[in-house]
$ cat coords.cif   # mmCIF, C-alpha atoms
data_my_file
loop_
_atom_site.group_PDB
_atom_site.id
_atom_site.type_symbol
_atom_site.label_atom_id
_atom_site.label_comp_id
_atom_site.auth_asym_id
_atom_site.auth_seq_id
_atom_site.Cartn_x
_atom_site.Cartn_y
_atom_site.Cartn_z
ATOM 1 C CA MET X 28 -0.175 -8.363 12.807
ATOM 2 C CA PHE X 29 -3.508 -9.232 14.349
ATOM 3 C CA ARG X 30 -4.407 -12.926 14.096
ATOM 4 C CA LEU X 31 -7.351 -14.966 15.268
ATOM 5 C CA HIS X 32 -7.282 -18.721 15.318
ATOM 6 C CA ARG X 33 -10.171 -20.769 13.940
ATOM 7 C CA LYS X 34 -10.946 -22.126 17.404
ATOM 8 C CA GLU X 35 -11.306 -18.592 18.793
ATOM 9 C CA ILE X 36 -13.607 -17.528 15.970
ATOM 10 C CA LYS X 37 -15.630 -20.737 16.249
ATOM 11 C CA GLY X 38 -15.937 -20.302 20.022
ATOM 12 C CA GLU X 39 -17.120 -16.706 19.612
ATOM 13 C CA ILE X 40 -19.761 -17.743 17.063
ATOM 14 C CA GLN X 41 -20.960 -20.551 19.361
ATOM 15 C CA ARG X 42 -21.217 -18.138 22.291
ATOM 16 C CA ILE X 43 -23.324 -15.707 20.248
ATOM 17 C CA SER X 44 -25.549 -18.562 18.995
ATOM 18 C CA GLU X 45 -26.063 -19.807 22.563
ATOM 19 C CA ASP X 46 -27.050 -16.290 23.671
ATOM 20 C CA ARG X 47 -29.623 -16.224 20.869
ATOM 21 C CA ARG X 48 -31.089 -19.587 21.860
ATOM 22 C CA GLN X 49 -31.416 -18.493 25.477
ATOM 23 C CA ARG X 50 -33.192 -15.287 24.488
ATOM 24 C CA ARG X 51 -35.612 -17.149 22.212
ATOM 25 C CA GLY X 52 -36.434 -19.705 24.888
ATOM 26 C CA LYS X 53 -37.997 -17.136 27.221
ATOM 27 C CA THR X 54 -41.780 -16.767 27.009
ATOM 28 C CA GLU X 55 -43.087 -13.246 26.626
ATOM 29 C CA ARG X 56 -46.380 -11.366 26.404
ATOM 30 C CA ARG X 57 -47.774 -11.775 22.899
ATOM 31 C CA GLY X 58 -49.329 -9.019 20.755
ATOM 32 C CA ARG X 59 -51.962 -9.214 17.975
ATOM 33 C CA SER X 60 -49.473 -10.674 15.489
ATOM 34 C CA GLY X 61 -48.913 -13.712 17.664
ATOM 35 C CA ARG X 62 -45.274 -12.769 18.234
ATOM 36 C CA SER X 63 -43.990 -11.246 21.401
ATOM 37 C CA ASP X 64 -42.547 -7.758 21.438
ATOM 38 C CA ARG X 65 -39.452 -9.317 22.891
ATOM 39 C CA GLY X 66 -39.328 -11.798 19.985
ATOM 40 C CA LYS X 67 -39.347 -8.963 17.431
ATOM 41 C CA GLN X 68 -36.519 -7.268 19.277
ATOM 42 C CA THR X 69 -34.612 -10.541 19.365
ATOM 43 C CA ASP X 70 -35.033 -10.961 15.605
ATOM 44 C CA ARG X 71 -33.690 -7.458 15.032
ATOM 45 C CA MET X 72 -30.825 -8.144 17.395
ATOM 46 C CA ASP X 73 -30.040 -11.407 15.592
ATOM 47 C CA PHE X 74 -30.004 -9.606 12.270
ATOM 48 C CA LEU X 75 -27.737 -6.905 13.686
ATOM 49 C CA LEU X 76 -25.358 -9.498 15.182
ATOM 50 C CA LEU X 77 -25.219 -11.371 11.891
ATOM 51 C CA GLY X 78 -24.343 -8.132 10.086
ATOM 52 C CA ILE X 79 -21.614 -7.379 12.597
ATOM 53 C CA GLN X 80 -20.201 -10.893 12.226
ATOM 54 C CA ILE X 81 -20.099 -10.578 8.445
ATOM 55 C CA LEU X 82 -18.464 -7.150 8.668
ATOM 56 C CA LEU X 83 -15.824 -8.320 11.151
ATOM 57 C CA GLY X 84 -15.134 -11.459 9.130
ATOM 58 C CA SER X 85 -14.648 -9.424 5.955
ATOM 59 C CA LEU X 86 -12.425 -6.958 7.751
ATOM 60 C CA LEU X 87 -10.239 -9.708 9.233
ATOM 61 C CA ALA X 88 -9.940 -11.475 5.880
ATOM 62 C CA GLY X 89 -8.916 -8.203 4.223
ATOM 63 C CA LEU X 90 -6.306 -7.480 6.877
ATOM 64 C CA LEU X 91 -4.840 -10.956 6.625
ATOM 65 C CA LEU X 92 -4.663 -10.812 2.835
ATOM 66 C CA ALA X 93 -3.126 -7.332 2.838
ATOM 67 C CA GLY X 94 -0.536 -8.390 5.400
ATOM 68 C CA CYS X 95 0.414 -11.427 3.370
ATOM 69 C CA SER X 96 0.872 -9.485 0.130
ATOM 70 C CA THR X 97 2.978 -6.792 1.810
ATOM 71 C CA ALA X 98 5.182 -9.383 3.475
ATOM 72 C CA LYS X 99 5.605 -11.213 0.173
ATOM 73 C CA ARG X 100 6.566 -7.987 -1.637
ATOM 74 C CA ASP X 101 8.989 -6.946 1.118
ATOM 75 C CA SER X 102 10.737 -10.306 1.097
ATOM 76 C CA ALA X 103 10.975 -10.273 -2.717
ATOM 77 C CA ALA X 104 12.484 -6.791 -2.611
ATOM 78 C CA ALA X 105 15.029 -7.786 0.014
ATOM 79 C CA GLN X 106 16.045 -10.987 -1.766
ATOM 80 C CA ASN X 107 16.337 -9.444 -5.228
ATOM 81 C CA ALA X 108 17.697 -5.981 -4.430
ATOM 82 C CA LEU X 109 19.686 -4.581 -7.340
ATOM 83 C CA GLU X 110 22.922 -2.671 -7.008
ATOM 84 C CA TYR X 111 22.971 0.864 -8.380
ATOM 85 C CA THR X 112 25.023 4.023 -8.514
ATOM 86 C CA VAL X 113 23.617 7.536 -8.280
ATOM 87 C CA VAL X 114 24.901 9.320 -11.375
ATOM 88 C CA GLU X 115 26.292 12.865 -11.064
ATOM 89 C CA LYS X 116 24.961 15.462 -13.539
ATOM 90 C CA SER X 117 28.279 15.576 -15.385
ATOM 91 C CA ALA X 118 28.275 11.781 -15.926
ATOM 92 C CA ILE X 119 24.738 11.449 -17.353
ATOM 93 C CA PRO X 120 24.808 10.236 -20.989
ATOM 94 C CA GLU X 121 24.236 13.120 -23.396
ATOM 95 C CA GLU X 122 21.001 11.772 -24.910
ATOM 96 C CA LEU X 123 19.473 11.143 -21.477
ATOM 97 C CA ALA X 124 20.575 14.585 -20.258
ATOM 98 C CA LYS X 125 18.799 16.141 -23.246
ATOM 99 C CA LEU X 126 15.585 14.206 -22.472
ATOM 100 C CA ILE X 127 15.755 15.257 -18.827
ATOM 101 C CA SER X 128 16.229 18.937 -19.698
ATOM 102 C CA GLU X 129 13.139 18.762 -21.953
ATOM 103 C CA LYS X 130 10.984 17.178 -19.229
ATOM 104 C CA GLU X 131 12.366 18.526 -15.948
ATOM 105 C CA LYS X 132 9.638 21.157 -15.348
ATOM 106 C CA THR X 133 7.029 18.411 -14.923
ATOM 107 C CA PRO X 134 7.293 15.073 -13.074
ATOM 108 C CA PHE X 135 8.882 12.340 -15.206
ATOM 109 C CA LYS X 136 10.103 8.743 -15.130
ATOM 110 C CA LEU X 137 12.555 7.597 -17.793
ATOM 111 C CA SER X 138 14.613 4.534 -18.554
ATOM 112 C CA TYR X 139 17.578 4.695 -20.920
ATOM 113 C CA SER X 140 20.185 2.174 -22.004
ATOM 114 C CA ASP X 141 23.528 2.620 -23.700
ATOM 115 C CA GLY X 142 23.884 -1.114 -24.334
ATOM 116 C CA SER X 143 26.014 -1.909 -21.288
ATOM 117 C CA SER X 144 24.199 -0.019 -18.532
ATOM 118 C CA LEU X 145 20.623 0.801 -17.670
ATOM 119 C CA PHE X 146 19.877 4.336 -16.484
ATOM 120 C CA LEU X 147 16.683 5.182 -14.616
ATOM 121 C CA ALA X 148 15.676 8.801 -14.101
ATOM 122 C CA VAL X 149 12.947 10.097 -11.806
ATOM 123 C CA GLY X 150 12.063 13.790 -11.655
ATOM 124 C CA TYR X 151 9.535 15.554 -9.455
ATOM 125 C CA GLY X 152 8.951 18.654 -11.579
ATOM 126 C CA GLU X 153 9.324 22.265 -10.532
ATOM 127 C CA GLN X 154 9.341 22.847 -6.766
ATOM 128 C CA LYS X 155 8.969 26.230 -5.036
ATOM 129 C CA SER X 156 12.454 26.136 -3.508
ATOM 130 C CA GLY X 157 15.730 24.252 -3.412
ATOM 131 C CA GLY X 158 16.937 21.820 -0.749
ATOM 132 C CA TYR X 159 14.923 18.806 -1.869
ATOM 133 C CA SER X 160 16.399 15.323 -1.957
ATOM 134 C CA ILE X 161 15.172 12.071 -3.447
ATOM 135 C CA GLN X 162 15.320 8.828 -1.503
ATOM 136 C CA VAL X 163 15.381 5.391 -3.141
ATOM 137 C CA LYS X 164 12.919 3.345 -1.101
ATOM 138 C CA GLU X 165 13.097 0.131 -3.154
ATOM 139 C CA PHE X 166 15.030 -1.016 -6.193
ATOM 140 C CA TYR X 167 14.729 -4.696 -6.974
ATOM 141 C CA LEU X 168 14.180 -7.356 -9.610
ATOM 142 C CA GLY X 169 10.708 -8.899 -9.403
ATOM 143 C CA GLU X 170 9.406 -11.974 -11.206
ATOM 144 C CA ASN X 171 9.151 -10.239 -14.571
ATOM 145 C CA ALA X 172 10.153 -6.582 -14.079
ATOM 146 C CA ILE X 173 12.529 -4.192 -12.354
ATOM 147 C CA TYR X 174 10.827 -2.139 -9.628
ATOM 148 C CA LEU X 175 11.903 1.326 -8.514
ATOM 149 C CA ASP X 176 10.200 3.278 -5.749
ATOM 150 C CA THR X 177 11.457 6.742 -4.793
ATOM 151 C CA GLU X 178 10.280 9.498 -2.499
ATOM 152 C CA LEU X 179 10.780 13.258 -2.611
ATOM 153 C CA LEU X 180 12.005 14.604 0.727
ATOM 154 C CA GLY X 181 11.329 18.261 1.432
ATOM 155 C CA PRO X 182 13.778 20.956 2.437
ATOM 156 C CA SER X 183 14.114 22.451 5.897
ATOM 157 C CA GLU X 184 11.923 25.478 6.649
ATOM 158 C CA GLU X 185 14.886 27.826 6.173
ATOM 159 C CA GLU X 186 15.727 26.392 2.758
ATOM 160 C CA TYR X 187 12.062 26.468 1.734
ATOM 161 C CA LYS X 188 11.602 30.138 2.613
ATOM 162 C CA SER X 189 14.839 31.415 1.114
ATOM 163 C CA GLY X 190 15.363 29.255 -1.951
ATOM 164 C CA GLU X 191 14.663 29.745 -5.616
ATOM 165 C CA PRO X 192 12.551 27.223 -7.526
ATOM 166 C CA SER X 193 14.268 23.920 -8.307
ATOM 167 C CA MET X 194 13.577 20.838 -10.399
ATOM 168 C CA PRO X 195 14.885 17.852 -8.413
ATOM 169 C CA TYR X 196 15.619 14.622 -10.217
ATOM 170 C CA LEU X 197 17.655 11.485 -9.639
ATOM 171 C CA VAL X 198 19.493 9.264 -12.139
ATOM 172 C CA LEU X 199 20.468 5.705 -11.191
ATOM 173 C CA GLN X 200 22.833 3.462 -13.133
ATOM 174 C CA THR X 201 22.705 -0.321 -12.893
ATOM 175 C CA GLU X 202 23.765 -3.239 -15.044
ATOM 176 C CA TYR X 203 21.858 -3.643 -18.304
ATOM 177 C CA ARG X 204 18.785 -5.866 -18.058
ATOM 178 C CA GLU X 205 16.048 -6.810 -20.530
ATOM 179 C CA GLU X 206 13.151 -6.682 -18.062
ATOM 180 C CA PRO X 207 10.729 -3.752 -18.213
ATOM 181 C CA VAL X 208 10.906 -1.099 -15.499
ATOM 182 C CA VAL X 209 7.987 -0.385 -13.178
ATOM 183 C CA PHE X 210 8.179 2.976 -11.409
ATOM 184 C CA GLN X 211 6.109 2.940 -8.215
#
$ encode --input "coords.cif" --output "structure tokens"
Amino acid sequence: MFRLHRKEIKGEIQRISEDRRQRRGKTERRGRSGRSDRGKQTDRMDFLLLGIQILLGSLLAGLLLAGCSTAKRDSAAAQNALEYTVVEKSAIPEELAKLISEKEKTPFKLSYSDGSSLFLAVGYGEQKSGGYSIQVKEFYLGENAIYLDTELLGPSEEEYKSGEPSMPYLVLQTEYREEPVVFQ
């Protein structure tokens, strides 16, 4: 990640300020307003430089904050990863299977518990062909919720052209937990 130290930023600001002072110190031909044409240009330049400094400062602050939050989330996910099993169609609890069949034509996200296990189902609705797969990107316990992030991976060109419509979904089974589930 891109980092600037305070000394570097301070030095850059001092260099720009010194350039301004040197430009202002020069005497120029004066117009009717009592200000030199060069002085007006310098004022505009100063204003432009100030705007650029503010923009760059905001951009750097945003990048640093975004980097910190991503790193924090990644480390939380790695430390609190939950174990899961991908459930085969034949092993899905009957009630959950019924819910899935009702919703499978449109994207869905479901959680279901049988008292001893927690089942999480993610469906991507009707797709134009078969050959799709679903990847679990993250599955972890956060401070006050369980987080699940999945991604639909497309079929090869051959499968896409020759396949019939499909309704891909994934069911995960993990140990029962009380925390709410956040699907990302």
$ resolve_selection --input "coords.cif" --expression "the PyMOL selection byres ((chain X and resi 130-134) around 6)" --output "ChimeraX atom specification"
/X:127-129,135,150-153
$ resolve_selection --input "coords.cif" --expression "the PyMOL selection byres ((chain X and resi 143) around 12)" --output "NGL selection string"
:X and (139-142 or 144-146 or 200-205)
$ write_last_selection --input "coords.cif" --atoms "C-alpha atoms" --output "CSV table (one decimal), in the coordinates of the input"
chain,number,residue,atom,x,y,z
X,139,TYR,CA,17.6,4.7,-20.9
X,140,SER,CA,20.2,2.2,-22.0
X,141,ASP,CA,23.5,2.6,-23.7
X,142,GLY,CA,23.9,-1.1,-24.3
X,144,SER,CA,24.2,0.0,-18.5
X,145,LEU,CA,20.6,0.8,-17.7
X,146,PHE,CA,19.9,4.3,-16.5
X,200,GLN,CA,22.8,3.5,-13.1
X,201,THR,CA,22.7,-0.3,-12.9
X,202,GLU,CA,23.8,-3.2,-15.0
X,203,TYR,CA,21.9,-3.6,-18.3
X,204,ARG,CA,18.8,-5.9,-18.1
X,205,GLU,CA,16.0,-6.8,-20.5
$ resolve_selection --input "coords.cif" --expression "the PyMOL selection byres ((chain X and resi 208) around 8)" --output "PDB file with C-alpha atoms, keeping the file's coordinate frame"
ATOM      1  CA  SER X 138      14.613   4.534 -18.554  1.00  0.00           C
ATOM      2  CA  ALA X 172      10.153  -6.582 -14.079  1.00  0.00           C
ATOM      3  CA  ILE X 173      12.529  -4.192 -12.354  1.00  0.00           C
ATOM      4  CA  TYR X 174      10.827  -2.139  -9.628  1.00  0.00           C
ATOM      5  CA  LEU X 175      11.903   1.326  -8.514  1.00  0.00           C
ATOM      6  CA  GLU X 206      13.151  -6.682 -18.062  1.00  0.00           C
ATOM      7  CA  PRO X 207      10.729  -3.752 -18.213  1.00  0.00           C
ATOM      8  CA  VAL X 209       7.987  -0.385 -13.178  1.00  0.00           C
ATOM      9  CA  PHE X 210       8.179   2.976 -11.409  1.00  0.00           C
TER      10      PHE X 210
END
$ closest_residue --input "coords.cif" --among "X:Ser85, X:Leu109, X:Gly181, X:Arg42" --to "Gly158 in chain X" --atoms "only C-alpha atoms"
X:Gly181
$ atom_distance --input "coords.cif" --atom1 "CA of Leu179 in chain X" --atom2 "CA of Tyr159 in chain X"
7.0 Å
$ atom_distance --input "coords.cif" --atom1 "CA of Glu184 in chain X" --atom2 "CA of Val114 in chain X"
27.5 Å
$ closest_residue --input "coords.cif" --among "X:Arg71, X:Arg47, X:Lys155, X:Lys116" --to "Leu197 in chain X" --atoms "all atoms listed in the file"
X:Lys116
$ atom_distance --input "coords.cif" --atom1 "CA of Ala118 in chain X" --atom2 "CA of Gly169 in chain X"
27.9 Å
